[in-house]
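Here's protein-v2.pdb, which has PDB, N, CA and C atoms:
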ATOM      1  N   MET A   1      24.373  14.702  12.544
ATOM      2  CA  MET A   1      23.061  15.019  12.983
ATOM      3  C   MET A   1      22.177  15.296  11.766
ATOM      4  N   ARG A   2      21.014  14.692  11.763
ATOM      5  CA  ARG A   2      20.065  14.860  10.669
ATOM      6  C   ARG A   2      19.086  15.979  11.019
ATOM      7  N   ARG A   3      18.795  16.814  10.048
ATOM      8  CA  ARG A   3      17.850  17.898  10.283
ATOM      9  C   ARG A   3      16.561  17.630   9.539
ATOM     10  N   ASP A   4      15.465  17.993  10.165
ATOM     11  CA  ASP A   4      14.154  17.856   9.560
ATOM     12  C   ASP A   4      13.405  19.146   9.833
ATOM     13  N   PRO A   5      12.951  19.843   8.795
ATOM     14  CA  PRO A   5      12.281  21.116   9.016
ATOM     15  C   PRO A   5      10.934  20.976   9.718
ATOM     16  N   GLY A   6      10.460  19.768   9.900
ATOM     17  CA  GLY A   6       9.169  19.563  10.553
ATOM     18  C   GLY A   6       8.035  19.637   9.562
ATOM     19  N   ARG A   7       6.897  19.258  10.004
ATOM     20  CA  ARG A   7       5.715  19.264   9.143
ATOM     21  C   ARG A   7       4.855  20.471   9.504
ATOM     22  N   THR A   8       4.231  21.050   8.503
ATOM     23  CA  THR A   8       3.374  22.196   8.762
ATOM     24  C   THR A   8       2.068  21.758   9.402
ATOM     25  N   TRP A   9       1.519  22.598  10.204
ATOM     26  CA  TRP A   9       0.241  22.392  10.881
ATOM     27  C   TRP A   9       0.239  21.192  11.827
ATOM     28  N   MET A  10       1.416  20.746  12.274
ATOM     29  CA  MET A  10       1.501  19.617  13.193
ATOM     30  C   MET A  10       0.870  20.007  14.527
ATOM     31  N   GLN A  11       0.002  19.141  15.041
ATOM     32  CA  GLN A  11      -0.703  19.447  16.281
ATOM     33  C   GLN A  11      -0.405  18.473  17.415
ATOM     34  N   GLY A  12      -0.307  17.195  17.131
ATOM     35  CA  GLY A  12      -0.096  16.239  18.206
ATOM     36  C   GLY A  12       0.216  14.864  17.656
ATOM     37  N   GLY A  13       0.395  13.933  18.565
ATOM     38  CA  GLY A  13       0.703  12.584  18.151
ATOM     39  C   GLY A  13       0.618  11.612  19.301
ATOM     40  N   THR A  14       0.681  10.347  18.958
ATOM     41  CA  THR A  14       0.687   9.288  19.952
ATOM     42  C   THR A  14       1.405   8.080  19.363
ATOM     43  N   VAL A  15       1.878   7.216  20.221
ATOM     44  CA  VAL A  15       2.540   5.991  19.774
ATOM     45  C   VAL A  15       1.561   4.838  19.933
ATOM     46  N   GLY A  16       1.410   4.056  18.875
ATOM     47  CA  GLY A  16       0.540   2.892  18.894
ATOM     48  C   GLY A  16       1.341   1.643  18.597
ATOM     49  N   PRO A  17       0.672   0.521  18.445
ATOM     50  CA  PRO A  17       1.362  -0.748  18.218
ATOM     51  C   PRO A  17       2.181  -0.784  16.930
ATOM     52  N   ASP A  18       1.810   0.042  15.944
ATOM     53  CA  ASP A  18       2.520   0.042  14.664
ATOM     54  C   ASP A  18       3.515   1.181  14.521
ATOM     55  N   GLY A  19       3.573   2.080  15.490
ATOM     56  CA  GLY A  19       4.490   3.213  15.398
ATOM     57  C   GLY A  19       3.844   4.525  15.788
ATOM     58  N   LEU A  20       4.353   5.599  15.215
ATOM     59  CA  LEU A  20       3.940   6.948  15.561
ATOM     60  C   LEU A  20       2.780   7.422  14.689
ATOM     61  N   TYR A  21       1.742   7.906  15.314
ATOM     62  CA  TYR A  21       0.579   8.487  14.648
ATOM     63  C   TYR A  21       0.631   9.987  14.905
ATOM     64  N   LEU A  22       0.531  10.788  13.843
ATOM     65  CA  LEU A  22       0.609  12.239  13.975
ATOM     66  C   LEU A  22      -0.652  12.874  13.415
ATOM     67  N   VAL A  23      -1.035  14.004  13.981
ATOM     68  CA  VAL A  23      -2.206  14.709  13.486
ATOM     69  C   VAL A  23      -1.803  16.117  13.055
ATOM     70  N   ARG A  24      -2.318  16.502  11.877
ATOM     71  CA  ARG A  24      -2.129  17.850  11.333
ATOM     72  C   ARG A  24      -3.516  18.438  11.159
ATOM     73  N   SER A  25      -3.664  19.730  11.496
ATOM     74  CA  SER A  25      -4.989  20.300  11.333
ATOM     75  C   SER A  25      -4.984  21.815  11.346
ATOM     76  N   SER A  26      -6.080  22.346  10.848
ATOM     77  CA  SER A  26      -6.460  23.739  11.006
ATOM     78  C   SER A  26      -7.941  23.683  11.387
ATOM     79  N   THR A  27      -8.573  24.826  11.600
ATOM     80  CA  THR A  27      -9.991  24.783  11.952
ATOM     81  C   THR A  27     -10.875  24.457  10.760
ATOM     82  N   HIS A  28     -10.270  24.229   9.603
ATOM     83  CA  HIS A  28     -11.013  23.850   8.393
ATOM     84  C   HIS A  28     -10.665  22.450   7.895
ATOM     85  N   CYS A  29      -9.627  21.819   8.458
ATOM     86  CA  CYS A  29      -9.125  20.562   7.913
ATOM     87  C   CYS A  29      -8.451  19.738   9.012
ATOM     88  N   GLY A  30      -8.588  18.416   8.936
ATOM     89  CA  GLY A  30      -7.903  17.529   9.867
ATOM     90  C   GLY A  30      -7.380  16.299   9.150
ATOM     91  N   GLN A  31      -6.128  15.940   9.435
ATOM     92  CA  GLN A  31      -5.493  14.790   8.796
ATOM     93  C   GLN A  31      -4.728  13.986   9.835
ATOM     94  N   LEU A  32      -4.928  12.677   9.816
ATOM     95  CA  LEU A  32      -4.170  11.760  10.660
ATOM     96  C   LEU A  32      -3.138  11.080   9.777
ATOM     97  N   LEU A  33      -1.869  11.197  10.145
ATOM     98  CA  LEU A  33      -0.786  10.545   9.409
ATOM     99  C   LEU A  33      -0.480   9.222  10.099
ATOM    100  N   LEU A  34      -0.686   8.139   9.371
ATOM    101  CA  LEU A  34      -0.476   6.797   9.918
ATOM    102  C   LEU A  34       0.999   6.420   9.842
ATOM    103  N   PRO A  35       1.443   5.450  10.646
ATOM    104  CA  PRO A  35       2.858   5.052  10.637
ATOM    105  C   PRO A  35       3.403   4.703   9.253
ATOM    106  N   GLY A  36       2.596   4.157   8.371
ATOM    107  CA  GLY A  36       3.056   3.804   7.028
ATOM    108  C   GLY A  36       3.095   4.975   6.063
ATOM    109  N   GLY A  37       2.648   6.153   6.502
ATOM    110  CA  GLY A  37       2.678   7.336   5.656
ATOM    111  C   GLY A  37       1.346   7.723   5.048
ATOM    112  N   ARG A  38       0.358   6.842   5.141
ATOM    113  CA  ARG A  38      -0.972   7.159   4.593
ATOM    114  C   ARG A  38      -1.650   8.213   5.450
ATOM    115  N   ARG A  39      -2.462   9.069   4.821
ATOM    116  CA  ARG A  39      -3.234  10.074   5.534
ATOM    117  C   ARG A  39      -4.711   9.707   5.498
ATOM    118  N   VAL A  40      -5.409   9.896   6.616
ATOM    119  CA  VAL A  40      -6.857   9.711   6.661
ATOM    120  C   VAL A  40      -7.486  10.964   7.258
ATOM    121  N   ALA A  41      -8.735  11.202   6.896
ATOM    122  CA  ALA A  41      -9.455  12.379   7.359
ATOM    123  C   ALA A  41      -9.897  12.217   8.816
ATOM    124  N   VAL A  42      -9.736  13.287   9.591
ATOM    125  CA  VAL A  42     -10.279  13.389  10.946
ATOM    126  C   VAL A  42     -10.941  14.762  11.056
ATOM    127  N   ALA A  43     -11.559  15.026  12.186
ATOM    128  CA  ALA A  43     -12.277  16.286  12.380
ATOM    129  C   ALA A  43     -11.348  17.486  12.239
ATOM    130  N   PRO A  44     -11.815  18.548  11.615
ATOM    131  CA  PRO A  44     -11.021  19.780  11.559
ATOM    132  C   PRO A  44     -10.682  20.247  12.969
ATOM    133  N   GLY A  45      -9.514  20.839  13.114
ATOM    134  CA  GLY A  45      -9.098  21.376  14.399
ATOM    135  C   GLY A  45      -8.555  20.362  15.385
ATOM    136  N   THR A  46      -8.433  19.093  14.974
ATOM    137  CA  THR A  46      -7.923  18.079  15.900
ATOM    138  C   THR A  46      -6.514  18.456  16.351
ATOM    139  N   GLU A  47      -6.337  18.511  17.673
ATOM    140  CA  GLU A  47      -5.059  18.941  18.240
ATOM    141  C   GLU A  47      -4.282  17.823  18.899
ATOM    142  N   ASP A  48      -4.955  16.913  19.524
ATOM    143  CA  ASP A  48      -4.249  15.848  20.222
ATOM    144  C   ASP A  48      -5.036  14.559  20.086
ATOM    145  N   ILE A  49      -4.328  13.451  20.085
ATOM    146  CA  ILE A  49      -4.944  12.137  19.915
ATOM    147  C   ILE A  49      -4.356  11.162  20.912
ATOM    148  N   GLN A  50      -5.133  10.133  21.223
ATOM    149  CA  GLN A  50      -4.660   9.077  22.115
ATOM    150  C   GLN A  50      -5.377   7.788  21.769
ATOM    151  N   LEU A  51      -4.627   6.723  21.579
ATOM    152  CA  LEU A  51      -5.194   5.389  21.392
ATOM    153  C   LEU A  51      -5.425   4.780  22.769
ATOM    154  N   ASP A  52      -6.584   4.143  22.957
ATOM    155  CA  ASP A  52      -6.810   3.459  24.231
ATOM    156  C   ASP A  52      -6.663   1.948  24.026
ATOM    157  N   GLY A  53      -6.746   1.193  25.068
ATOM    158  CA  GLY A  53      -6.554  -0.251  24.988
ATOM    159  C   GLY A  53      -7.745  -1.014  24.437
ATOM    160  N   ARG A  54      -8.836  -0.323  24.108
ATOM    161  CA  ARG A  54     -10.045  -0.984  23.613
ATOM    162  C   ARG A  54     -10.240  -0.834  22.117
ATOM    163  N   GLY A  55      -9.261  -0.264  21.437
ATOM    164  CA  GLY A  55      -9.380  -0.118  19.988
ATOM    165  C   GLY A  55      -9.993   1.185  19.537
ATOM    166  N   ASP A  56     -10.040   2.170  20.426
ATOM    167  CA  ASP A  56     -10.582   3.476  20.068
ATOM    168  C   ASP A  56      -9.477   4.515  20.022
ATOM    169  N   LEU A  57      -9.687   5.525  19.205
ATOM    170  CA  LEU A  57      -8.798   6.670  19.147
ATOM    171  C   LEU A  57      -9.607   7.880  19.614
ATOM    172  N   TRP A  58      -9.113   8.565  20.627
ATOM    173  CA  TRP A  58      -9.758   9.759  21.157
ATOM    174  C   TRP A  58      -9.057  10.973  20.573
ATOM    175  N   ALA A  59      -9.845  11.994  20.233
ATOM    176  CA  ALA A  59      -9.291  13.195  19.614
ATOM    177  C   ALA A  59      -9.918  14.442  20.229
ATOM    178  N   LEU A  60      -9.080  15.434  20.492
ATOM    179  CA  LEU A  60      -9.528  16.749  20.953
ATOM    180  C   LEU A  60      -9.470  17.707  19.785
ATOM    181  N   SER A  61     -10.528  18.493  19.615
ATOM    182  CA  SER A  61     -10.577  19.445  18.506
ATOM    183  C   SER A  61     -10.869  20.848  19.023
ATOM    184  N   GLU A  62     -10.161  21.824  18.466
ATOM    185  CA  GLU A  62     -10.401  23.211  18.829
ATOM    186  C   GLU A  62     -11.451  23.867  17.939
ATOM    187  N   ALA A  63     -11.785  23.278  16.797
ATOM    188  CA  ALA A  63     -12.683  23.907  15.831
ATOM    189  C   ALA A  63     -14.085  24.125  16.406
ATOM    190  N   GLY A  64     -14.496  23.310  17.366
ATOM    191  CA  GLY A  64     -15.816  23.465  17.966
ATOM    192  C   GLY A  64     -15.865  24.496  19.078
ATOM    193  N   ALA A  65     -14.715  25.057  19.445
ATOM    194  CA  ALA A  65     -14.671  26.040  20.530
ATOM    195  C   ALA A  65     -15.409  27.316  20.140
ATOM    196  N   LYS A  66     -16.046  27.923  21.116
ATOM    197  CA  LYS A  66     -16.834  29.133  20.885
ATOM    198  C   LYS A  66     -16.032  30.221  20.181
ATOM    199  N   THR A  67     -14.768  30.377  20.552
ATOM    200  CA  THR A  67     -13.904  31.395  19.939
ATOM    201  C   THR A  67     -13.877  31.264  18.429
ATOM    202  N   PHE A  68     -13.716  30.044  17.934
ATOM    203  CA  PHE A  68     -13.650  29.821  16.490
ATOM    204  C   PHE A  68     -15.037  29.859  15.850
ATOM    205  N   GLN A  69     -16.053  29.375  16.542
ATOM    206  CA  GLN A  69     -17.400  29.392  15.986
ATOM    207  C   GLN A  69     -17.918  30.822  15.805
ATOM    208  N   LEU A  70     -17.547  31.724  16.714
ATOM    209  CA  LEU A  70     -17.962  33.123  16.596
ATOM    210  C   LEU A  70     -17.332  33.809  15.384
ATOM    211  N   ARG A  71     -16.197  33.312  14.928
ATOM    212  CA  ARG A  71     -15.544  33.871  13.744
ATOM    213  C   ARG A  71     -16.280  33.492  12.462
ATOM    214  N   GLY A  72     -17.070  32.426  12.522
ATOM    215  CA  GLY A  72     -17.842  31.979  11.371
ATOM    216  C   GLY A  72     -17.003  31.236  10.339
ATOM    217  N   GLY A  73     -17.688  30.552   9.438
ATOM    218  CA  GLY A  73     -17.030  29.879   8.332
ATOM    219  C   GLY A  73     -16.292  28.606   8.684
ATOM    220  N   ARG A  74     -16.492  28.093   9.880
ATOM    221  CA  ARG A  74     -15.813  26.862  10.291
ATOM    222  C   ARG A  74     -16.854  25.785  10.588
ATOM    223  N   PRO A  75     -16.530  24.530  10.309
ATOM    224  CA  PRO A  75     -17.498  23.469  10.609
ATOM    225  C   PRO A  75     -17.653  23.296  12.115
ATOM    226  N   LEU A  76     -18.857  22.971  12.539
ATOM    227  CA  LEU A  76     -19.107  22.695  13.944
ATOM    228  C   LEU A  76     -18.796  21.219  14.184
ATOM    229  N   VAL A  77     -17.798  20.957  14.986
ATOM    230  CA  VAL A  77     -17.374  19.588  15.291
ATOM    231  C   VAL A  77     -17.314  19.417  16.799
ATOM    232  N   PRO A  78     -17.449  18.183  17.301
ATOM    233  CA  PRO A  78     -17.339  17.980  18.744
ATOM    234  C   PRO A  78     -15.924  18.286  19.232
ATOM    235  N   MET A  79     -15.818  18.779  20.449
ATOM    236  CA  MET A  79     -14.497  19.080  20.999
ATOM    237  C   MET A  79     -13.776  17.813  21.444
ATOM    238  N   LEU A  80     -14.529  16.778  21.783
ATOM    239  CA  LEU A  80     -13.953  15.476  22.126
ATOM    240  C   LEU A  80     -14.663  14.428  21.286
ATOM    241  N   ALA A  81     -13.897  13.671  20.541
ATOM    242  CA  ALA A  81     -14.487  12.654  19.670
ATOM    243  C   ALA A  81     -13.800  11.308  19.903
ATOM    244  N   ARG A  82     -14.585  10.240  19.801
ATOM    245  CA  ARG A  82     -14.043   8.884  19.894
ATOM    246  C   ARG A  82     -14.274   8.201  18.560
ATOM    247  N   TYR A  83     -13.197   7.693  17.982
ATOM    248  CA  TYR A  83     -13.260   6.977  16.707
ATOM    249  C   TYR A  83     -12.974   5.507  16.953
ATOM    250  N   ASP A  84     -13.597   4.640  16.165
ATOM    251  CA  ASP A  84     -13.200   3.237  16.110
ATOM    252  C   ASP A  84     -11.896   3.230  15.314
ATOM    253  N   ALA A  85     -10.787   2.972  15.968
ATOM    254  CA  ALA A  85      -9.473   3.109  15.335
ATOM    255  C   ALA A  85      -9.323   2.234  14.091
ATOM    256  N   ARG A  86      -9.802   1.000  14.143
ATOM    257  CA  ARG A  86      -9.662   0.121  12.967
ATOM    258  C   ARG A  86     -10.427   0.668  11.767
ATOM    259  N   ALA A  87     -11.633   1.168  12.008
ATOM    260  CA  ALA A  87     -12.421   1.737  10.912
ATOM    261  C   ALA A  87     -11.770   3.022  10.404
ATOM    262  N   LEU A  88     -11.252   3.822  11.313
ATOM    263  CA  LEU A  88     -10.610   5.078  10.920
ATOM    264  C   LEU A  88      -9.390   4.828  10.040
ATOM    265  N   MET A  89      -8.591   3.827  10.374
ATOM    266  CA  MET A  89      -7.377   3.528   9.606
ATOM    267  C   MET A  89      -7.704   3.100   8.171
ATOM    268  N   ARG A  90      -8.906   2.575   7.943
ATOM    269  CA  ARG A  90      -9.343   2.191   6.605
ATOM    270  C   ARG A  90     -10.144   3.307   5.939
ATOM    271  N   GLY A  91     -10.284   4.424   6.624
ATOM    272  CA  GLY A  91     -11.128   5.523   6.154
ATOM    273  C   GLY A  91     -10.580   6.256   4.950
ATOM    274  N   PRO A  92     -11.348   7.236   4.494
ATOM    275  CA  PRO A  92     -10.978   7.978   3.292
ATOM    276  C   PRO A  92      -9.808   8.923   3.519
ATOM    277  N   SER A  93      -9.122   9.218   2.449
ATOM    278  CA  SER A  93      -8.064  10.232   2.492
ATOM    279  C   SER A  93      -8.717  11.592   2.662
ATOM    280  N   PRO A  94      -7.993  12.552   3.231
ATOM    281  CA  PRO A  94      -8.555  13.892   3.386
ATOM    282  C   PRO A  94      -8.880  14.522   2.033
ATOM    283  N   THR A  95      -9.931  15.312   1.999
ATOM    284  CA  THR A  95     -10.286  16.046   0.785
ATOM    285  C   THR A  95      -9.847  17.504   0.885
ATOM    286  N   CYS A  96      -9.132  17.842   1.960
ATOM    287  CA  CYS A  96      -8.655  19.200   2.168
ATOM    288  C   CYS A  96      -7.126  19.194   2.210
ATOM    289  N   ASP A  97      -6.536  20.350   1.980
ATOM    290  CA  ASP A  97      -5.073  20.492   2.010
ATOM    291  C   ASP A  97      -4.659  21.439   3.128
ATOM    292  N   LEU A  98      -3.517  21.163   3.701
ATOM    293  CA  LEU A  98      -2.932  22.054   4.714
ATOM    294  C   LEU A  98      -1.674  22.673   4.174
TER     295      LEU A  98
END
Output the structure of this file as structure tokens.
Amino acid sequence: MRRDPGRTWMQGGTVGPDGLYLVRSSTHCGQLLLPGGRRVAVAPGTEDIQLDGRGDLWALSEAGAKTFQLRGGRPLVPMLARYDARALMRGPSPTCDL
């Protein structure tokens, strides 16, 4: 049996045509891990993702929730976002660390 300690800040994932897509985030940073291992930036607080059949990636984010906004110091992001998946996969690497 192989053991894996898991990844820190792991929030969610989905299976797409190329494999497993995983999202890591905090209310200050969001990273999408692509099947090939590359990371791209997504909205801070992204918790769950889903690819649809039209080429879009939907993402839920907690960072825009009132609870976190009242604490201050967090970016205001939409709680539900739709990305063009092809453009996102070619997007920039995250500029934040988790």
I need the residue set behind the PyMOL selection byres ((chain A and resi 77) around 7) for this file; please write it as a PyMOL selection string.
chain A and resi 43-44+61+63-65+74-76+78-80
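Selection by the PyMOL selection byres (((chain A and resi 30 and name CA) around 9) and name CA) on the present file picks out Val23, Arg24, Ser25, Ser26, Thr27, His28, Cys29, Gln31, Leu32, Val40, Ala41, Val42, Ala43, Pro44, Gly45, Thr46, Glu47, Pro94, Cys96, Asp97 and Leu98 of chain A.
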Find the residues of region 47-95 of chain A that sit at most 8 Å from region 14-19 of chain A; for each, write down the nearest two atoms and how far apart they are in Å, to one decimal. Count all atoms listed in the file. Sort by chain, then by number going up, and give it as a Markdown table.
| residue | atom | partner | partner_atom | distance |
| --- | --- | --- | --- | --- |
| A:Asp48 | C | A:Thr14 | N | 7.2 |
| A:Ile49 | C | A:Thr14 | N | 5.5 |
| A:Gln50 | CA | A:Thr14 | CA | 5.8 |
| A:Leu51 | N | A:Thr14 | CA | 6.1 |
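Distance-wise, atom N of Pro92 (chain A) and atom C of Asp52 (chain A) end up 20.8 Å apart.
Taking CA of Arg90 (chain A) as the reference point, atom N of Arg38 (chain A) is found at 10.9 Å.
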Once you add 5 Å to each side, what are the centre and edge lengths of the axis-aligned box holding all listed atoms of region 53-69 of chain A? One decimal in Å, as lines of an AutoDock Vina configuration file, if you can.
center_x = -12.2
center_y = 15.2
center_z = 20.4
size_x = 21.4
size_y = 42.4
size_z = 19.3
Can you work out which one of A:Gly13, A:Gly37, A:Gly72, A:Gly55 has the shortest atom-to-atom distance to Leu88 (chain A), counting only C-alpha atoms?
A:Gly55
How would you write, as an MDAnalysis selection string, the residues chosen by the PyMOL selection byres ((chain A and resi 83) around 5) on this structure?
chainID A and resid 56:58 81:82 84:85
From a DSSP calculation on the backbone, collect every residue of region 3-72 of chain A in strand (DSSP E or B) and output the set as an NGL selection string.
:A and (10-16 or 19-26 or 29-33 or 39-41 or 46-51 or 56-61)
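Distance-wise, CA of Leu34 (chain A) and CA of Gln69 (chain A) end up 28.9 Å apart.
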Could you tell me, as number ranges by chain, which residues of chain A DSSP assigns to helix (DSSP H, G or I) when given the backbone?
A: 66-71, 85-89
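The shortest atom-to-atom distance to Ser93 (chain A), with only N, CA and C atoms taken into account, belongs to A:Arg39 out of A:Lys66, A:Arg54, A:Arg71, A:Arg39.
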